[in-house]
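Participant: My structure is in final_17.cif, and what it holds is mmCIF, C-alpha atoms:
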```
data_query
loop_
_atom_site.label_atom_id
_atom_site.label_comp_id
_atom_site.auth_asym_id
_atom_site.auth_seq_id
_atom_site.Cartn_x
_atom_site.Cartn_y
_atom_site.Cartn_z
CA MET A 191 33.37 -21.36 43.13
CA GLN A 192 33.87 -23.46 40.03
CA ILE A 193 30.74 -22.02 38.42
CA ALA A 194 32.35 -18.57 38.45
CA GLN A 195 35.21 -19.94 36.37
CA THR A 196 32.86 -21.12 33.63
CA PRO A 197 32.52 -18.45 30.91
CA ILE A 198 29.12 -16.96 30.22
CA TYR A 199 28.40 -16.40 26.53
CA ILE A 200 26.08 -13.41 26.01
CA CYS A 201 24.75 -13.04 22.46
CA ASP A 202 22.81 -10.29 20.78
CA LEU A 203 19.90 -11.38 18.57
CA ASP A 204 19.21 -9.12 15.57
CA GLY A 205 22.15 -9.05 13.18
CA THR A 206 24.05 -11.54 15.32
CA LEU A 207 22.20 -14.80 15.94
CA LEU A 208 19.27 -13.91 13.68
CA GLY A 209 19.60 -13.76 9.91
CA SER A 210 18.68 -10.76 7.79
CA ASP A 211 15.15 -12.16 7.59
CA GLY A 212 14.81 -11.73 11.36
CA ALA A 213 14.66 -15.48 11.99
CA LEU A 214 16.89 -18.05 13.63
CA SER A 215 17.97 -20.69 11.12
CA GLU A 216 17.47 -24.38 11.82
CA PHE A 217 21.24 -24.79 11.80
CA ALA A 218 21.62 -22.11 14.45
CA ARG A 219 18.78 -23.57 16.53
CA ASP A 220 20.31 -27.03 16.47
CA GLY A 221 23.79 -25.65 17.08
CA LEU A 222 22.73 -23.64 20.10
CA ASN A 223 21.07 -26.70 21.60
CA LYS A 224 24.24 -28.74 21.05
CA LEU A 225 26.23 -26.09 22.88
CA LEU A 226 23.73 -25.94 25.73
CA SER A 227 23.58 -29.72 26.01
CA ALA A 228 27.36 -29.77 26.25
CA GLY A 229 27.22 -27.49 29.28
CA ILE A 230 28.08 -24.22 27.57
CA ARG A 231 26.52 -21.40 29.62
CA LEU A 232 24.84 -19.13 27.09
CA THR A 233 22.17 -16.45 27.15
CA VAL A 234 21.04 -13.43 25.13
CA ALA A 235 21.03 -9.64 25.48
CA SER A 236 18.71 -7.76 23.16
CA SER A 237 16.71 -4.60 22.64
CA ARG A 238 13.77 -6.98 22.35
CA ALA A 239 11.57 -8.18 25.22
CA THR A 240 11.06 -11.69 26.54
CA PRO A 241 7.88 -12.49 24.54
CA ALA A 242 9.79 -11.79 21.31
CA MET A 243 12.78 -13.77 22.55
CA ARG A 244 10.59 -16.76 23.36
CA ALA A 245 9.04 -16.66 19.88
CA LEU A 246 12.32 -16.21 18.03
CA LEU A 247 14.18 -18.77 20.13
CA ALA A 248 11.39 -21.36 20.24
CA GLY A 249 12.96 -24.79 20.60
CA VAL A 250 16.22 -23.44 22.02
CA HIS A 251 16.64 -24.69 25.57
CA LEU A 252 17.88 -21.52 27.24
CA GLU A 253 17.67 -21.65 31.03
CA LEU A 254 19.70 -18.63 32.15
CA PRO A 255 18.13 -15.20 32.70
CA VAL A 256 18.32 -12.74 29.80
CA ILE A 257 19.00 -9.04 29.30
CA GLU A 258 16.00 -7.40 27.63
CA PHE A 259 15.26 -3.88 26.40
CA ASN A 260 19.02 -3.20 26.10
CA GLY A 261 19.38 -3.68 29.85
CA ALA A 262 16.21 -2.05 31.18
CA PHE A 263 15.44 -5.47 32.66
CA VAL A 264 17.27 -8.65 33.57
CA SER A 265 14.52 -11.24 33.45
CA GLU A 266 13.64 -14.90 33.51
CA LEU A 267 13.03 -15.94 29.92
CA ALA A 268 10.24 -18.45 30.52
CA SER A 269 8.14 -16.34 32.89
CA GLY A 270 9.27 -12.81 32.00
CA ARG A 271 9.70 -12.07 35.72
CA HIS A 272 12.03 -9.10 36.20
CA LEU A 273 15.05 -9.72 38.41
CA ALA A 274 16.60 -6.24 38.02
CA SER A 275 15.38 -3.05 36.37
CA ASN A 276 16.39 0.40 35.13
CA VAL A 277 13.30 2.34 34.07
CA LEU A 278 12.81 5.92 32.88
CA SER A 279 11.93 8.76 35.21
CA LYS A 280 8.39 10.11 34.77
CA PHE A 281 9.87 13.35 33.41
CA ALA A 282 11.98 11.59 30.76
CA ALA A 283 9.20 9.20 29.73
CA CYS A 284 6.67 12.00 29.28
CA ALA A 285 9.14 14.28 27.51
CA ALA A 286 10.01 11.53 25.03
CA VAL A 287 6.35 10.76 24.34
CA GLU A 288 5.57 14.44 23.74
CA ALA A 289 8.55 14.89 21.39
CA ILE A 290 7.53 11.91 19.24
CA ILE A 291 3.83 12.85 19.21
CA ALA A 292 4.92 16.24 17.85
CA THR A 293 6.15 14.49 14.67
CA GLY A 294 2.57 13.49 13.85
CA SER A 295 2.93 9.81 14.70
CA ASP A 296 2.42 8.10 18.04
CA PRO A 297 5.28 6.38 19.88
CA VAL A 298 5.19 2.91 21.40
CA VAL A 299 5.53 2.87 25.19
CA SER A 300 6.78 -0.35 26.81
CA ALA A 301 6.04 -0.37 30.51
CA TRP A 302 5.22 -2.29 33.67
CA ASP A 303 1.78 -1.28 34.95
CA GLY A 304 2.18 -2.82 38.40
CA SER A 305 0.81 -6.21 37.49
CA ARG A 306 1.98 -6.97 33.96
CA ASP A 307 4.14 -5.76 31.08
CA ARG A 308 2.45 -3.57 28.49
CA VAL A 309 3.30 -2.34 24.99
CA HIS A 310 1.07 0.69 24.55
CA PHE A 311 0.46 1.93 21.01
CA GLY A 312 -1.72 4.69 19.63
CA SER A 313 -3.86 5.03 16.50
CA ARG A 314 -1.50 7.32 14.58
CA MET A 315 0.97 4.84 13.14
CA ASN A 316 3.42 5.41 10.30
CA GLU A 317 4.89 2.53 8.31
CA GLY A 318 7.69 1.92 10.81
CA THR A 319 5.43 1.93 13.86
CA GLY A 320 2.94 -0.28 12.04
CA TRP A 321 5.68 -2.83 11.36
CA TYR A 322 6.73 -2.73 15.03
CA VAL A 323 3.21 -3.45 16.27
CA GLU A 324 2.33 -5.97 13.56
CA GLU A 325 5.48 -7.98 14.21
CA LYS A 326 4.41 -8.42 17.83
CA ALA A 327 0.84 -9.20 16.87
CA ALA A 328 2.14 -11.97 14.60
CA TYR A 329 3.45 -13.91 17.59
CA ASP A 330 0.48 -13.00 19.83
CA ASP A 331 2.52 -10.80 22.14
CA PRO A 332 0.33 -10.58 25.26
CA ARG A 333 1.75 -7.16 26.13
CA LEU A 334 0.13 -5.32 23.20
CA ALA A 335 -2.39 -2.75 24.39
CA ALA A 336 -4.10 -0.11 22.27
CA CYS A 337 -4.00 3.17 24.17
CA ASP A 338 -5.65 6.56 23.60
CA ASP A 339 -3.59 8.29 26.32
CA LEU A 340 0.08 7.46 25.82
CA LEU A 341 1.17 10.46 27.84
CA GLY A 342 -0.96 9.29 30.75
CA ALA A 343 0.53 5.81 30.57
CA ALA A 344 4.04 7.28 30.53
CA GLY A 345 3.29 9.34 33.61
CA GLN A 346 1.72 6.53 35.62
CA GLU A 347 3.64 3.35 34.79
CA GLU A 348 7.26 2.16 35.01
CA VAL A 349 8.48 2.81 31.46
CA ALA A 350 11.28 0.64 30.08
CA SER A 351 11.41 2.34 26.68
CA VAL A 352 9.72 4.83 24.40
CA VAL A 353 10.12 4.01 20.71
CA GLY A 354 9.41 6.13 17.66
CA PHE A 355 9.97 5.70 13.94
CA VAL A 356 10.82 8.35 11.36
CA ARG A 357 12.09 8.36 7.80
CA ASP A 358 15.84 7.90 7.64
CA THR A 359 16.25 11.47 6.41
CA GLU A 360 14.46 12.84 9.49
CA ALA A 361 16.24 10.70 12.07
CA ALA A 362 19.05 13.11 12.96
CA ALA A 363 16.61 15.93 13.69
CA LEU A 364 14.31 13.83 15.88
CA SER A 365 17.27 12.30 17.68
CA GLU A 366 18.51 15.77 18.58
CA SER A 367 15.03 16.87 19.67
CA LEU A 368 14.69 13.83 21.90
CA ARG A 369 18.09 14.38 23.51
CA GLU A 370 17.21 18.00 24.25
CA ALA A 371 13.82 16.98 25.67
CA VAL A 372 15.08 14.30 28.07
CA GLY A 373 18.37 15.97 29.05
CA GLY A 374 20.63 13.78 31.13
CA GLU A 375 17.79 11.60 32.39
CA ALA A 376 17.76 9.26 29.39
CA VAL A 377 19.76 8.07 26.40
CA VAL A 378 18.56 7.89 22.81
CA TYR A 379 19.48 4.94 20.60
CA CYS A 380 19.13 5.60 16.89
CA ALA A 381 19.48 2.91 14.20
CA GLN A 382 18.12 2.21 10.75
CA ASN A 383 15.68 -0.67 10.99
CA TYR A 384 16.81 -4.01 9.54
CA TYR A 385 13.36 -5.13 8.54
CA CYS A 386 11.58 -1.94 7.47
CA PRO A 387 13.85 -0.23 4.92
CA GLY A 388 13.76 3.55 4.84
CA TRP A 389 12.74 3.89 8.48
CA THR A 390 14.90 4.61 11.51
CA GLU A 391 13.99 3.42 15.00
CA LEU A 392 14.68 5.73 17.93
CA GLN A 393 14.56 4.21 21.40
CA VAL A 394 14.64 6.27 24.60
CA GLN A 395 15.78 4.52 27.78
CA HIS A 396 17.30 5.05 31.20
CA PRO A 397 21.08 5.76 31.04
CA ALA A 398 21.75 2.54 32.96
CA ALA A 399 19.55 0.53 30.58
CA GLU A 400 22.60 -0.60 28.68
CA LYS A 401 23.70 -4.14 27.95
CA GLY A 402 27.13 -3.82 29.52
CA ALA A 403 25.77 -2.14 32.64
CA ALA A 404 23.30 -5.01 33.05
CA VAL A 405 26.00 -7.70 33.00
CA PRO A 406 26.74 -7.64 36.78
CA ALA A 407 23.05 -8.12 37.58
CA LEU A 408 22.86 -10.91 35.01
CA LEU A 409 25.88 -12.70 36.46
CA ALA A 410 24.42 -12.37 39.95
CA ALA A 411 21.13 -13.83 38.74
CA CYS A 412 23.05 -16.70 37.12
CA GLY A 413 24.99 -17.40 40.32
CA ALA A 414 28.16 -16.65 38.38
CA VAL A 415 29.60 -13.47 39.89
CA GLY A 416 33.18 -13.13 38.68
CA ALA A 417 32.73 -15.35 35.62
CA ASP A 418 34.46 -14.41 32.38
CA VAL A 419 32.07 -12.99 29.80
CA VAL A 420 32.26 -13.72 26.08
CA ALA A 421 30.16 -11.13 24.19
CA CYS A 422 28.72 -11.58 20.71
CA GLY A 423 27.20 -8.57 18.96
CA ASP A 424 26.95 -6.52 15.80
CA HIS A 425 25.74 -2.98 16.49
CA LEU A 426 26.50 0.12 18.54
CA ASN A 427 24.19 -0.89 21.38
CA ASP A 428 26.55 -3.85 21.90
CA LEU A 429 29.58 -1.66 22.65
CA GLY A 430 28.96 -1.74 26.40
CA LEU A 431 28.59 -5.49 26.24
CA PHE A 432 31.95 -5.73 24.47
CA ALA A 433 33.53 -3.48 27.09
CA SER A 434 32.29 -5.73 29.89
CA ALA A 435 33.64 -8.89 28.26
CA THR A 436 36.88 -10.81 28.49
CA ARG A 437 36.47 -11.72 24.83
CA SER A 438 34.23 -10.34 22.11
CA ILE A 439 33.04 -11.87 18.85
CA ALA A 440 31.53 -9.94 15.93
CA PRO A 441 29.96 -11.29 12.74
CA ALA A 442 31.36 -9.94 9.48
CA ASN A 443 28.23 -7.82 8.96
CA ALA A 444 28.82 -5.87 12.19
CA HIS A 445 29.15 -2.10 12.40
CA PRO A 446 32.76 -1.00 11.72
CA THR A 447 33.13 0.20 15.32
CA LEU A 448 32.29 -3.27 16.62
CA LEU A 449 34.59 -4.92 14.10
CA ALA A 450 37.45 -2.72 15.28
CA ARG A 451 36.91 -3.75 18.90
CA ALA A 452 36.21 -7.45 18.44
CA THR A 453 38.63 -10.09 19.65
CA VAL A 454 37.43 -12.34 16.84
CA ILE A 455 35.55 -11.64 13.58
CA VAL A 456 33.56 -14.57 12.18
CA GLY A 457 31.17 -15.24 9.31
CA SER A 458 28.11 -13.03 8.84
CA ASN A 459 24.76 -13.50 10.53
CA ASP A 460 23.37 -14.97 7.31
CA GLU A 461 26.15 -17.57 7.45
CA ASP A 462 25.41 -18.37 11.12
CA GLY A 463 28.96 -17.22 11.80
CA ILE A 464 28.60 -16.92 15.58
CA VAL A 465 27.11 -20.38 16.09
CA ARG A 466 29.57 -22.00 13.70
CA HIS A 467 32.47 -20.37 15.53
CA LEU A 468 31.21 -21.46 18.95
CA LEU A 469 30.67 -25.01 17.70
CA ASP A 470 34.18 -25.09 16.24
CA CYS A 471 35.68 -23.81 19.49
CA HIS A 472 33.69 -26.30 21.50
CA LEU A 473 34.71 -29.23 19.33
CA GLU A 474 38.35 -28.18 19.43
CA CYS A 475 38.18 -27.91 23.20
CA ARG A 476 36.75 -31.42 23.39
#
```
Is it possible to give me this structure as structure tokens?

Facilitator:
Amino acid sequence: MQIAQTPIYICDLDGTLLGSDGALSEFARDGLNKLLSAGIRLTVASSRATPAMRALLAGVHLELPVIEFNGAFVSELASGRHLASNVLSKFAACAAVEAIIATGSDPVVSAWDGSRDRVHFGSRMNEGTGWYVEEKAAYDDPRLAACDDLLGAAGQEEVASVVGFVRDTEAAALSESLREAVGGEAVVYCAQNYYCPGWTELQVQHPAAEKGAAVPALLAACGAVGADVVACGDHLNDLGLFASATRSIAPANAHPTLLARATVIVGSNDEDGIVRHLLDCHLECR
């Protein structure tokens, strides 16, 4: 099929398309729409969920499904309907919740309750968790749900991720505790937060909730099985995406490991390096 010969561009958001302020510039918004209008097949893969993607990408005319929660779901962007999923086992979800509660601050549990997506949060919030919840409240995320029994929610619902925040100096210890608690039933992503300095975000997910692992399901949902993939990303959770791609593009601000594996290195996220590069390639090809 001809459609399978058309490359699919899969772009990370934070640190890649978004600037250091966590926003998409007007230049990037206009540039993405030019690419889409020209027939470039482009979508996003992020640790974020579809409500955040819709808010951040408002005005960008994406039509393809997206990879959300690092690959926990492949979903329709407009509706949020899940087309494929990799959720935590009840054991892993509950173990992660208990390990984070033991630090004195509640985790955030993102889950499907059987009828709708939920982002459960407790009353014991540190600065990092407060930022996480407040950011979603700012764009009226309909998933937000105050919860006084996070462990109960983790044991009853389909959990896409359990997120906790600790001071940077405490991150290694909590990361190790989480890995011991969940064993081989989950993976733990650990990264200093871009937007809340001094705090590290730890995200617990199913081992198959990984951007690269989600690519086959994404291509199937796009009707593009066998298409070449061009990956754009900046951080360690993009390594699988790079491994699944025919070509990979990293902005200059990317983690050194990504820079070493990139086919092409372009300008930083604050310079809209990815969009500028794609526009240049498109214009050259035309």

Participant: Find the residues near range 205-209 of chain A: any atom within 7 Å, counting all atoms listed in the file, skip ones fewer than 6 places away on the same chain, and give them as a list in words.

Facilitator: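 Selected residues are Gly423, Asp424, Pro441, Asn459, Asp460, Asp462 and Ile464 of chain A.
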
Participant: Identify, on the basis of only C-alpha atoms, every residue whose closest approach to range 248-253 of chain A does not exceed 7 Å; exclude the query and any residue fewer than 3 positions from it along the same chain; express the result as a list in words.

Facilitator: Arg219, Leu222, Asn223, Thr233, Arg244 and Ala245 of chain A

Participant: Kindly indicate which residue among A:Leu334, A:Ala286, A:Ala376, A:Leu448 lies nearest to Ala301 in chain A, using all atoms listed in the file for the distances.

Facilitator: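 Of the candidates, the smallest distance to Ala301 in chain A is held by A:Leu334.
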
Participant: Looking at all atoms listed in the file, which of A:Ser215, A:Asn427, A:Ser265, A:Ser275 is the one that sits closest to Leu247 in chain A?

Facilitator: A:Ser215

Participant: Range 277-285 of chain A, all listed atoms, 6 Å padding on each side: what axis-aligned box centre and edge lengths in Å to one decimal come out, as lines of an AutoDock Vina configuration file?

Facilitator:
```
center_x = 10.0
center_y = 8.3
center_z = 31.4
size_x = 18.6
size_y = 23.9
size_z = 19.7
```

Participant: Near range 378-389 of chain A, counting all atoms listed in the file, which residues have an atom at most 7 Å away, once you skip same-chain residues fewer than 2 positions from it, shown as a list in words?

Facilitator: Gly318, Phe355, Val356, Arg357, Asp358, Ser365, Arg369, Ala376, Glu391, Leu392, Gln393, Val394 and Gln395 of chain A

Participant: Run the PyMOL selection byres ((chain A and resi 440) around 7) mentally over the shown coordinates, then write out the matched residues as number ranges by chain, using the chain letters and numbers from the document.

Facilitator: A: 422-424, 438-439, 441-442, 444, 448-449, 452, 454-456

Participant: Using the chain letters and numbers from the file, give me the residues hit by the PyMOL selection byres ((chain A and resi 349) around 10), as a list in words.

Facilitator: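 Answer for the PyMOL selection byres ((chain A and resi 349) around 10): Ala262, Asn276, Val277, Leu278, Ser279, Lys280, Ala282, Ala283, Cys284, Val299, Ser300, Ala301, Trp302, Asp303, Asp307, Arg308, Val309, Ala343, Ala344, Gly345, Gln346, Glu347, Glu348, Ala350, Ser351, Val352, Val394, Gln395 and His396 of chain A.
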
Participant: Between A:Val323, A:Leu232, A:Ala218, A:Ala239, which is the closest to Ala421 in chain A once you count only C-alpha atoms?

Facilitator: A:Leu232

Participant: Could you expand the PyMOL selection byres ((chain A and resi 230) around 12) into the explicit residues it covers here, written as a list in words?

Facilitator: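 What the PyMOL selection byres ((chain A and resi 230) around 12) grabs from the file is Ile193, Thr196, Pro197, Ile198, Tyr199, Ile200, Gly221, Leu222, Asn223, Lys224, Leu225, Leu226, Ser227, Ala228, Gly229, Arg231, Leu232, Thr233, His251, Leu252, Glu253, Leu254, Val420, Leu468, Leu469, Cys471, His472, Leu473 and Cys475 of chain A.
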